[in-house]
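As structure tokens, the structure follows; a few thoughts come after it.
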Amino acid sequence: MKLILVEFPWQAIKISENKDFHNYIIVSTDPEASYILKKNKLKYFETEEFCNHDALWSKYKDITENSLQITKILDKYLWKFDNRFKNLQWNFFNDFHYMFKISYDQLYYYIELISNLIQKYNPSEIIVADTENIKFDKQILIDSNVSLFKFLFQNLIEDREKIKIKYLSKNSGKTDKKLSKRKLILEKLKNIYFKLNFYFRYFSTNPEYLSIGSFEINKFKKLYPQESKKYISYNHENIKYDKSKKNWNHLNEFLETLKKDDEFNSLTNYKKIGLNDLFFQIILLLTKNFDDFIKEYYKSKKIVNKIKPKCLIFQTMTPFYSPNVIFRKICKDLKLPYATWVHGGYSGYSLHGWDVSDYRFCTNHISYGIHLDEIINNKKSILNKLNLQKNHKVFPIGSPRFDFFLREKKKNKKLKKNSKSTILYSVGCYEPRNQFYFGYNRKKNFSQLWEFHYQVIKLLKKYEDQFNIIVKDLPNASGLWKNVLKDIDAKNISYISNEFSFTDLLKISDLNLFSVLSTTFFESLYFDADIFFIEDKDEIDSNIRENKLKNELFYFSDTDQYIKELDAYLNEGKFYKTKKDNSKNYFLNLKNFQKRDKLLNQALSQIVQKT
């Protein structure tokens, strides 16, 4: 028996073109590759057919605790070798746990897949993609162009010779770097602007509160200019993970000590596959920047001591924006109160947005609506399964960011609309390749629900002459859905990636379709158009479904029922069937649309007093 593990669309194309591969067991890990195989009528399997979601979700607590323990061990030895962190009592690697977790979870999932495939088929040969060795993007996450299967088989500790591993190579081709260079220049200019703006206000004002990268505070200041003087926004980045920097002086000793640690080796070796090499590369990139982090800590501490803020407001606790880590450490050292203003609205008990990082490091949460309080305090919440801090306090204020975007009902003149009703389908569930993580209790989450998206688009084609239909993709997504529309000859369905903002599209839409309760769902509640969405029944409490969403939102937990009811809705052709007063207040606190300033003042006062 022979297997092919497909990670990239180019592999699927090569397999489709070569009949010698058609008798192999083909397993796809990529939605676009799956579509290519399906289009070419090749038999293949999705990963969920071998990796049972319920079985893996039952291990979620253990998997998370494993990656947490890895960072705990790293901090133990960090304090041993670097007195700067020991003297500051800084658990640096714990602060960066989320980066380790994503790599750990992705590799864990693939090892489970490999193990189950070998057990089922006992293959004599496995073909994987031949790519560059492991490398990381600017957020220290595994690059999406790297084959993780190649890495895993190269790090198979035992039985390496029992299975023959072959490699499939991509044809070389030129890459266009103009767009990426332009993007980097724009990011640099934006960062310079934010930095100059901060220091101008730093020397010329006397604010009460310090915002760390909060989009909501940025827009709040524009909506309530009379309140603006109370807030100063720190939105620039001072640390870049430069691979060319000199290595940390203690790096070799540190790594040699880790190699001798039995617990660390046990945690980073799973089912005869060693993961040490990958984690050592993450450690290398982080340690190269130790000097910068120490320098920025003391520099930022002087800023805080000069401003003397009553409270700090963060966008999130995740480490992708380094000031989150630095200023949170300062808050801890100076015993300053702080809160996070939740980006997007969590809608289910698994709290998948930042995989509970915000709840590990913070107990004060400013939310869009009261829904968050009910979710995290429900016995079904994932927080009850993890050993996290308790006593979380939620302050439902709303979203000044959405208020700002939507206060002008003026439509984008470039968006043409005729007399037909408009249907907007927001394609969700996208995850960059190699960056899957456990944290969403939803079946087929790994394959990004692509088959369901395909069903919806096929149904919409049936009505393309009757309605204006827009498929809205994410700006950084693949070209999958654009290709699907072309393949099914949906000439009258518009595909939009980043040509128009989602807000502009909502202003012309008469029906909004979603596959997940993401941030786009919350924004759509500002409008009167009907809403279709799907969510696992275990993620939404029955009381919420029956009392708060019933007769206001078209909610489904079954994909077939979603398609059936949507077909009936479009066939009837009547829109604006529901009013969403309860939903708008529950998720967005829209009854207090004009009182965000008063609510924020009250919330911050309570947070300060609590501390």
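For the structure tokens, the naming scheme is as follows: chains receive sequential letters (A, B, ...) according to their order of presentation, residues are indexed from 1 within each chain, and ligands are indexed from 1 in presentation order.
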
Could you pull the residues within 7 Å of range 529-536 of chain A, counting only C-alpha atoms, minus those fewer than 5 positions along the same chain, as a PyMOL selection string? chain A and resi 442+509-516+553-557+575-578

Skipping near chain neighbours, those fewer than 3 positions away, what residues fall within 9 Å of Thr205 in chain A using only C-alpha atoms, listed as a PyMOL selection string? chain A and resi 200-202+229-230+232

Polymer residues at most 6 Å from Ala339 in chain A, only C-alpha atoms, same-chain spacing of 4 or more positions, as an mmCIF file with C-alpha atoms, in the first residue's frame:
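Result file is out19.cif:
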```cif
data_model
loop_
_atom_site.group_PDB
_atom_site.id
_atom_site.type_symbol
_atom_site.label_atom_id
_atom_site.label_comp_id
_atom_site.auth_asym_id
_atom_site.auth_seq_id
_atom_site.Cartn_x
_atom_site.Cartn_y
_atom_site.Cartn_z
ATOM 1 C CA ILE A 313 -6.252 49.031 28.056
ATOM 2 C CA ASN A 364 -10.918 42.419 33.209
ATOM 3 C CA HIS A 365 -12.639 42.168 29.832
#
```

Please give the complete set of residues from range 202-396 of chain A that DSSP, run on the backbone, assigns to alpha helix (DSSP H), formatted as an MDAnalysis selection string. chainID A and resid 202:204 215:223 251:259 262:267 276:287 290:307 322:334 357:361 371:376

So that I can check the surroundings of range 6-14 of chain A, please list as JSON, numbers by chain every protein, DNA and RNA residue that reaches within 12 Å of it, counting only C-alpha atoms and ignoring chain neighbours fewer than 5 positions away. {"A": [19, 20, 21, 22, 24, 25, 26, 27, 28, 29, 30, 31, 32, 33, 34, 35, 36, 37, 38, 39, 40, 41, 42, 43, 44, 45, 46, 47, 110, 126, 127, 128, 129, 130, 131, 144, 145, 146, 147, 148, 149, 150, 167, 168, 169, 170, 171, 172, 432, 433, 434, 447, 478, 479, 480]}

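Among A:Asn197, A:Ser103, A:Thr257, A:Thr268, the residue with the shortest atom-to-atom distance to Lys80 in chain A, counting only C-alpha atoms, is A:Thr257.
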
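The residue that comes closest to Leu388 in chain A, out of A:Arg360, A:Lys2, A:Lys537, A:Lys219 and on the basis of only C-alpha atoms, is A:Arg360.
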
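One finds CA of Val471 in chain A at 5.0 Å from CA of Tyr495 in chain A.
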
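From CA of Pro319 in chain A back to CA of Gln106 in chain A, the distance works out to 18.3 Å.
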
Mind checking DSSP for range 362-411 of chain A and telling me the strand (DSSP E or B) residues as number ranges by chain? A: 364-367, 393-396

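Reported to one decimal place, the separation of CA of Lys491 in chain A from CA of Lys461 in chain A is 8.9 Å.
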
Quick one: residues within 10 Å of Asp473 in chain A, only C-alpha atoms counted, chain neighbours fewer than 6 positions away excluded, as a JSON list (two decimals) with all heavy atoms, in the first residue's frame?
```json
[["chain", "number", "residue", "atom", "x", "y", "z"],
["A", 425, "TYR", "N", -22.37, 36.70, 0.91],
["A", 425, "TYR", "CA", -21.90, 35.48, 1.57],
["A", 425, "TYR", "C", -20.46, 35.69, 2.03],
["A", 425, "TYR", "O", -19.55, 35.87, 1.22],
["A", 425, "TYR", "CB", -21.97, 34.28, 0.62],
["A", 425, "TYR", "CG", -21.48, 32.99, 1.24],
["A", 425, "TYR", "CD1", -21.77, 32.67, 2.57],
["A", 425, "TYR", "CD2", -20.72, 32.09, 0.51],
["A", 425, "TYR", "CE1", -21.33, 31.50, 3.14],
["A", 425, "TYR", "CE2", -20.27, 30.90, 1.07],
["A", 425, "TYR", "CZ", -20.57, 30.61, 2.39],
["A", 425, "TYR", "OH", -20.13, 29.45, 2.96],
["A", 426, "SER", "N", -20.26, 35.68, 3.34],
["A", 426, "SER", "CA", -18.94, 35.88, 3.92],
["A", 426, "SER", "C", -18.31, 34.51, 4.18],
["A", 426, "SER", "O", -18.75, 33.76, 5.04],
["A", 426, "SER", "CB", -19.05, 36.66, 5.23],
["A", 426, "SER", "OG", -17.80, 36.78, 5.85],
["A", 427, "VAL", "N", -17.27, 34.19, 3.41],
["A", 427, "VAL", "CA", -16.60, 32.90, 3.55],
["A", 427, "VAL", "C", -15.67, 32.97, 4.76],
["A", 427, "VAL", "O", -14.77, 33.80, 4.81],
["A", 427, "VAL", "CB", -15.80, 32.54, 2.29],
["A", 427, "VAL", "CG1", -15.14, 31.18, 2.46],
["A", 427, "VAL", "CG2", -16.71, 32.55, 1.07],
["A", 428, "GLY", "N", -15.88, 32.11, 5.74],
["A", 428, "GLY", "CA", -15.08, 32.14, 6.96],
["A", 428, "GLY", "C", -14.28, 30.87, 7.16],
["A", 428, "GLY", "O", -14.06, 30.09, 6.24],
["A", 430, "TYR", "N", -11.18, 30.39, 7.67],
["A", 430, "TYR", "CA", -9.86, 30.27, 7.06],
["A", 430, "TYR", "C", -8.76, 30.24, 8.12],
["A", 430, "TYR", "O", -8.76, 31.03, 9.06],
["A", 430, "TYR", "CB", -9.61, 31.46, 6.12],
["A", 430, "TYR", "CG", -8.21, 31.50, 5.57],
["A", 430, "TYR", "CD1", -7.81, 30.61, 4.58],
["A", 430, "TYR", "CD2", -7.27, 32.42, 6.04],
["A", 430, "TYR", "CE1", -6.51, 30.64, 4.07],
["A", 430, "TYR", "CE2", -5.99, 32.46, 5.54],
["A", 430, "TYR", "CZ", -5.61, 31.56, 4.56],
["A", 430, "TYR", "OH", -4.33, 31.59, 4.07],
["A", 479, "GLY", "N", -6.85, 31.52, -3.63],
["A", 479, "GLY", "CA", -7.78, 31.83, -4.72],
["A", 479, "GLY", "C", -8.83, 30.76, -4.92],
["A", 479, "GLY", "O", -9.44, 30.70, -6.00],
["A", 480, "LEU", "N", -9.06, 29.92, -3.91],
["A", 480, "LEU", "CA", -9.97, 28.79, -4.05],
["A", 480, "LEU", "C", -11.34, 29.21, -4.55],
["A", 480, "LEU", "O", -11.84, 28.68, -5.55],
["A", 480, "LEU", "CB", -10.09, 28.05, -2.71],
["A", 480, "LEU", "CG", -11.17, 26.96, -2.63],
["A", 480, "LEU", "CD1", -10.96, 25.90, -3.69],
["A", 480, "LEU", "CD2", -11.19, 26.35, -1.24],
["A", 481, "TRP", "N", -11.98, 30.15, -3.88],
["A", 481, "TRP", "CA", -13.38, 30.46, -4.19],
["A", 481, "TRP", "C", -13.52, 31.25, -5.49],
["A", 481, "TRP", "O", -14.52, 31.15, -6.19],
["A", 481, "TRP", "CB", -14.04, 31.16, -3.02],
["A", 481, "TRP", "CG", -13.92, 30.31, -1.80],
["A", 481, "TRP", "CD1", -13.24, 30.57, -0.65],
["A", 481, "TRP", "CD2", -14.43, 28.97, -1.65],
["A", 481, "TRP", "NE1", -13.31, 29.50, 0.21],
["A", 481, "TRP", "CE2", -14.04, 28.51, -0.37],
["A", 481, "TRP", "CE3", -15.18, 28.13, -2.47],
["A", 481, "TRP", "CZ2", -14.37, 27.24, 0.08],
["A", 481, "TRP", "CZ3", -15.52, 26.86, -2.02],
["A", 481, "TRP", "CH2", -15.12, 26.43, -0.75],
["A", 482, "LYS", "N", -12.51, 31.99, -5.82],
["A", 482, "LYS", "CA", -12.50, 32.66, -7.12],
["A", 482, "LYS", "C", -12.44, 31.63, -8.24],
["A", 482, "LYS", "O", -13.15, 31.75, -9.26],
["A", 482, "LYS", "CB", -11.29, 33.61, -7.21],
["A", 482, "LYS", "CG", -11.29, 34.50, -8.44],
["A", 482, "LYS", "CD", -10.14, 35.49, -8.37],
["A", 482, "LYS", "CE", -10.18, 36.44, -9.55],
["A", 482, "LYS", "NZ", -9.07, 37.44, -9.48],
["A", 495, "TYR", "N", -17.01, 38.17, -7.02],
["A", 495, "TYR", "CA", -16.02, 37.72, -6.03],
["A", 495, "TYR", "C", -15.25, 38.94, -5.55],
["A", 495, "TYR", "O", -14.69, 39.69, -6.35],
["A", 495, "TYR", "CB", -15.06, 36.70, -6.64],
["A", 495, "TYR", "CG", -13.91, 36.35, -5.73],
["A", 495, "TYR", "CD1", -14.04, 35.36, -4.77],
["A", 495, "TYR", "CD2", -12.69, 37.02, -5.82],
["A", 495, "TYR", "CE1", -12.99, 35.03, -3.92],
["A", 495, "TYR", "CE2", -11.63, 36.71, -4.99],
["A", 495, "TYR", "CZ", -11.79, 35.72, -4.03],
["A", 495, "TYR", "OH", -10.74, 35.41, -3.20],
["A", 496, "ILE", "N", -15.22, 39.14, -4.24],
["A", 496, "ILE", "CA", -14.51, 40.29, -3.68],
["A", 496, "ILE", "C", -13.58, 39.81, -2.56],
["A", 496, "ILE", "O", -13.99, 39.09, -1.66],
["A", 496, "ILE", "CB", -15.49, 41.34, -3.13],
["A", 496, "ILE", "CG1", -16.26, 41.97, -4.29],
["A", 496, "ILE", "CG2", -14.74, 42.42, -2.34],
["A", 496, "ILE", "CD1", -17.28, 43.00, -3.88],
["A", 497, "SER", "N", -12.32, 40.21, -2.66],
["A", 497, "SER", "CA", -11.34, 39.88, -1.63],
["A", 497, "SER", "C", -11.07, 41.13, -0.78],
["A", 497, "SER", "O", -11.64, 41.30, 0.28],
["A", 497, "SER", "CB", -10.06, 39.37, -2.28],
["A", 497, "SER", "OG", -9.08, 39.11, -1.31],
["A", 498, "ASN", "N", -10.21, 42.01, -1.27],
["A", 498, "ASN", "CA", -9.92, 43.24, -0.54],
["A", 498, "ASN", "C", -10.26, 44.49, -1.35],
["A", 498, "ASN", "O", -9.83, 45.59, -1.02],
["A", 498, "ASN", "CB", -8.45, 43.28, -0.12],
["A", 498, "ASN", "CG", -7.51, 43.22, -1.31],
["A", 498, "ASN", "OD1", -7.94, 43.01, -2.44],
["A", 498, "ASN", "ND2", -6.23, 43.41, -1.06],
["A", 502, "PHE", "N", -15.64, 45.22, 4.20],
["A", 502, "PHE", "CA", -16.83, 44.47, 4.56],
["A", 502, "PHE", "C", -17.96, 45.42, 4.96],
["A", 502, "PHE", "O", -19.13, 45.16, 4.68],
["A", 502, "PHE", "CB", -16.52, 43.50, 5.70],
["A", 502, "PHE", "CG", -17.61, 42.51, 5.96],
["A", 502, "PHE", "CD1", -17.85, 41.49, 5.07],
["A", 502, "PHE", "CD2", -18.40, 42.60, 7.09],
["A", 502, "PHE", "CE1", -18.87, 40.57, 5.28],
["A", 502, "PHE", "CE2", -19.41, 41.68, 7.33],
["A", 502, "PHE", "CZ", -19.66, 40.67, 6.42]]
```

Hey, what's within 8 Å of Ser67 in chain A if we count only C-alpha atoms and toss same-chain stuff fewer than 6 positions away? As a ChimeraX atom specification, please? /A:97,100-101,104,267
